[in-house]
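One structure is given here, and the rest of the page talks about it.
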Amino acid sequence: MTLLEVRGLSVHYGAVQAVHEVDFTVEEGAVVSLLGANGAGKTSTIKAICGAAPYRGSIRFRGRSLPQNAARVRAAGVGHVPEGRHVFGGLTVADNLRLGGWGKRRDRSSEIYQLFPRLAERRRQLAGTLSGGEQQMLAIGRALMGEPDLLLLDEPTLGLAPVLCDEIFDRIRDVSAMGSTLVLVQQHTSRALALADYVLVMRGGRVIARGIPDDFADEEALSAAYLGDEMPHGGLNNLEKT
Amino acid sequence: MMQYVASGLVSGGIYATMAIGIVLIYRASGVINFAHGELATFGTFVVFACWSAGLPLPLALLIGLLVGAVASPCIEAFVLSGLRRRTHLTEVMATVALFLALNGLTLAVFGEETHEFPALVTGPPIEAFGLVMSRQSILVLVVVAGLTLIMAAMFRFTRLGAAMRAVSESRESAELAGLPVRRIVWSVWAVAGMAGVLAGVLIAPIVYLNVNMMIDVLTKALAGAVVGGLTSVSGAITAGLLLGVGESLVAGYVSTQLATPFVFLVLVLALVVRPQGLFGSAPKVKL
C-alpha cells in the first residue's frame, strides 16, 4: 500500500529553485534512501514533506493531501528528525521526549528508553550537555514519541564518529524492524544502501536515478550519478532517469 | 527601616507581576511589549465596570482576566504577525502605537475620572513584628509569592511550560519538531495578559483607578525586567522586588523626589555594568 505519494514537487527559496518537479512514492513498511551530494535538494524535499518549507506540487499521505504546516503534518502521522538534530539544549532529555509526545495521550517514553538505554541514564540531564550521538538518539526518540506512521530522518549521522554512526544505524534498523516506514536522507551511501528497500539519487534538485540497492552496487556508477559524470557502461543505464 | 522594606516589597511585587508578563512575551516573541501596561489598565477598568454593574468582585476579576487573556494574544496574532517587514524597530513602533491607542481607547470608553477601586480584601491593617500593613498590601505579597510558585511549577512540570521554554530557546527547532508554535506563543501572551490585569487590580486600590495608572508601573516593571535579565522570570521577580525596596528606602531616607530617578539610575547602571542582567547570560560569541 502506498503511504506517501509525491508528485511534481518544487521548492523555491526566493528566486532560487532548490527542488524541480520531483516524483516518488513510499510504500508502507519500506525504507527509502534519498541520496545525493550537498545541495542536491534532499533536505528541501524532506522539509516540504514535513510542512517546514513551502512548495508547489502534490504531497499525499495515506491518500490525503498533507497541509503545509509542520504541526499538522506531525499530527497526521509524519515524524521528522531534522538535520542538525535541533534538540532543545536547555531542556532535560525527559522534557524533550515529553514535547515529542505533544497531543498524544499515550506516553511512549518507556519504549524510547528501552530503545535508547543511554537516554534513560541521562533522562534528567540537559540535552545541551549530551554528546552528538546521544543528541541524535534523542532527536530520533523525540520524533518516535509522536507515534509516526512515517519517519523522515535527515542526515542522522552527520558529524558523528564512525562508531556512533554504526550505533545510530543499528537503532534505525530496530525502528524499521518494528514496522515503521522510513525515508532516510544520507550523503554517505554504504550504510544507507544496506538499510534501504528503494533508493533515489538526487542532484541539482532533481531525482536523477532510482532503483533497488542492488542497482547501485557498482560504486563507479553511483559516483557518476553523484558527480554528474557520464554514466559508465551498464551501471545506472538501466535505471529510470528523470 | 523594616516598614520601608515591607512597603517596598509591596510596590516591588506589583512591578514584578508586570515584569513577568514583559519577560514571558520577550522570551516567546522577542518583543518588548510597550502596550502591556495599557492592556492591564483596560482590563482593570473592565473589572471595575463589571463590579459597578453589580457583579461580585471575584466574577468581575475573572472577566477582567479573560479580557487580558484574549486581548493580549490578539496583539501578536493580528498586529505583530501582520507586520510585512518585521524588525525590532517596526515591532517597537507597533507596540508603542498600541500603547497610545489603548490609552486613548480606555479614555474614550471609561472616561478620565479617577475611581476608588474596591480592595480585594478589606479590614483593619495588621500589626506584626513591629510592622503595620494593610490587608491589600499583604495580599499583594501573597499573590506575588503564589504567582512565582505557579510559574515555576508550570515551566517545570507541565508540557505547556516545557513547550514555552522550547519555543523561547529556538522557534525554528520547535517548528521542525512539529510543535504548534503559534498556539504556544499565543498561550504565553495570554498568561502575560492575565498577569498584567492582575497587577492592575492589585495596584488600583492603592493608587486609585485612572487611565494613566499603569504608566509609572510599566516603566518600572520594564526596568525590573531588564535588570533581571529580560529572559529570566525569576530574575524579573527578584529585580522587581529589589527595585521596589530600593525605591522605598530612597524615598524614606533620602528624598521622595529621588525615588523614581533611583530606579532608572539602577537600570542605566545595570546596562553599563551587567547588560545581561542579574540572571541573564552573556551572549556567546563564536570565534
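Chain identifiers are assigned as A, B, and so on, following the order in which chains appear in the C-alpha cells; residues are numbered from 1 within each chain, and ligands are numbered from 1 in order of appearance.
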
Within 10 Å of Ile212 (chain A) using only C-alpha atoms, minus same-chain residues under 4 positions, as number ranges by chain = A: 32-33, 193, 196-200, 216-217, 239

ask   = Can you list every residue in region 16-239 of chain A that DSSP puts in strand (DSSP E), as JSON, numbers by chain?
value = {"A": [16, 17, 18, 19, 20, 21, 22, 23, 24, 25, 26, 27, 31, 32, 33, 34, 35, 56, 57, 58, 59, 60, 61, 64, 65, 78, 79, 80, 81, 150, 151, 152, 153, 154, 181, 182, 183, 184, 185, 186, 198, 199, 200, 201, 202, 203, 206, 207, 208, 209, 210, 211]}

How would the residues just picked look written out with C-alpha atoms as an mmCIF file, in the first residue's frame?
```cif
data_model
loop_
_atom_site.group_PDB
_atom_site.id
_atom_site.type_symbol
_atom_site.label_atom_id
_atom_site.label_comp_id
_atom_site.auth_asym_id
_atom_site.auth_seq_id
_atom_site.Cartn_x
_atom_site.Cartn_y
_atom_site.Cartn_z
ATOM 1 C CA VAL A 16 16.381 30.030 -6.140
ATOM 2 C CA GLN A 17 14.690 26.749 -7.024
ATOM 3 C CA ALA A 18 16.035 24.005 -4.753
ATOM 4 C CA VAL A 19 13.786 21.143 -5.951
ATOM 5 C CA HIS A 20 12.494 20.640 -9.517
ATOM 6 C CA GLU A 21 9.375 18.584 -10.239
ATOM 7 C CA VAL A 22 10.289 15.599 -8.072
ATOM 8 C CA ASP A 23 8.078 12.466 -8.129
ATOM 9 C CA PHE A 24 8.310 9.404 -5.922
ATOM 10 C CA THR A 25 6.237 7.120 -3.754
ATOM 11 C CA VAL A 26 6.923 5.353 -0.470
ATOM 12 C CA GLU A 27 5.267 2.028 0.282
ATOM 13 C CA VAL A 31 12.857 2.129 3.893
ATOM 14 C CA VAL A 32 13.569 4.638 1.136
ATOM 15 C CA SER A 33 17.005 6.226 1.000
ATOM 16 C CA LEU A 34 17.369 9.633 -0.559
ATOM 17 C CA LEU A 35 20.992 10.007 -1.617
ATOM 18 C CA ARG A 56 4.321 23.540 -5.297
ATOM 19 C CA GLY A 57 3.054 20.163 -6.381
ATOM 20 C CA SER A 58 1.237 17.442 -4.537
ATOM 21 C CA ILE A 59 2.193 15.506 -1.399
ATOM 22 C CA ARG A 60 -0.360 12.898 -0.381
ATOM 23 C CA PHE A 61 -0.137 10.801 2.775
ATOM 24 C CA ARG A 64 -4.875 12.653 1.604
ATOM 25 C CA SER A 65 -3.163 15.917 0.816
ATOM 26 C CA VAL A 78 4.634 12.054 9.865
ATOM 27 C CA GLY A 79 7.633 12.303 12.199
ATOM 28 C CA HIS A 80 10.724 14.333 11.375
ATOM 29 C CA VAL A 81 14.285 14.040 12.649
ATOM 30 C CA LEU A 150 6.218 7.629 8.506
ATOM 31 C CA LEU A 151 9.538 8.809 9.885
ATOM 32 C CA LEU A 152 11.739 11.216 7.922
ATOM 33 C CA LEU A 153 15.393 11.102 9.014
ATOM 34 C CA ASP A 154 17.580 13.881 7.634
ATOM 35 C CA THR A 181 8.163 3.313 7.261
ATOM 36 C CA LEU A 182 11.305 5.389 6.864
ATOM 37 C CA VAL A 183 12.668 7.959 4.449
ATOM 38 C CA LEU A 184 16.359 8.313 5.109
ATOM 39 C CA VAL A 185 18.413 11.197 3.745
ATOM 40 C CA GLN A 186 22.131 10.487 3.567
ATOM 41 C CA TYR A 198 14.479 1.519 -2.503
ATOM 42 C CA VAL A 199 16.917 4.259 -3.418
ATOM 43 C CA LEU A 200 16.539 7.684 -5.012
ATOM 44 C CA VAL A 201 19.574 9.697 -6.083
ATOM 45 C CA MET A 202 19.182 13.470 -6.297
ATOM 46 C CA ARG A 203 21.356 16.048 -7.966
ATOM 47 C CA ARG A 206 16.141 16.554 -9.440
ATOM 48 C CA VAL A 207 15.863 12.797 -8.983
ATOM 49 C CA ILE A 208 18.443 11.553 -11.462
ATOM 50 C CA ALA A 209 18.318 7.853 -10.680
ATOM 51 C CA ARG A 210 16.206 5.402 -8.748
ATOM 52 C CA GLY A 211 16.082 1.691 -8.081
#
```

key: chain B contacts to chain A at 8 Å (only C-alpha atoms) as an MDAnalysis selection string   = chainID B and resid 159 162:163 165:166 169:170 173 175:181

message = Which residues are close to Gly132 (chain A), i.e. within 9 Å by only C-alpha atoms, leaving aside same-chain residues fewer than 2 positions away? Reply as a ChimeraX atom specification.
response = /A:85,130,134-137,159-160,164

key: Interatomic distance, CA of Leu269 (chain B) to CA of Ile25 (chain B) (Å, one decimal)   = 24.2 Å

request  = Excluding Met164 (chain B) and residues on its chain fewer than 6 positions from it, collect all residues at most 8 Å away from it, counting only C-alpha atoms, and give them as number ranges by chain.
outcome  = B: 28, 155, 184-185, 188

Output C-alpha atoms of each residue in that selection to a file, as a tab-separated table (two decimals), in the first residue's frame.
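Result file follows (selection_8.tsv):
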```tsv
chain	number	residue	atom	x	y	z
B	28	ALA	CA	8.20	33.91	23.26
B	155	PHE	CA	7.58	25.74	33.50
B	184	ILE	CA	2.11	28.09	22.21
B	185	VAL	CA	3.16	31.71	21.62
B	188	VAL	CA	2.34	32.81	26.53
```

task = Please provide as a PyMOL selection string all residues within 9 Å of region 139-148 of chain B, with the sequence filter that same-chain residues fewer than 4 positions apart are discarded (counting only C-alpha atoms).
result = chain B and resi 9-11+13-14+16-17+120-121+134-135+152-153+195+199+202-203+233-234+237

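Take CA of Gly246 (chain B) and CA of His36 (chain B): the distance between them is 23.8 Å.
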
key: Every residue of region 10-255 of chain B that DSSP places in helix (DSSP H, G or I), as a ChimeraX atom specification   = /B:10-29,36-52,57-80,88-110,135-157,159-169,171-176,181-207,213-228,233-253
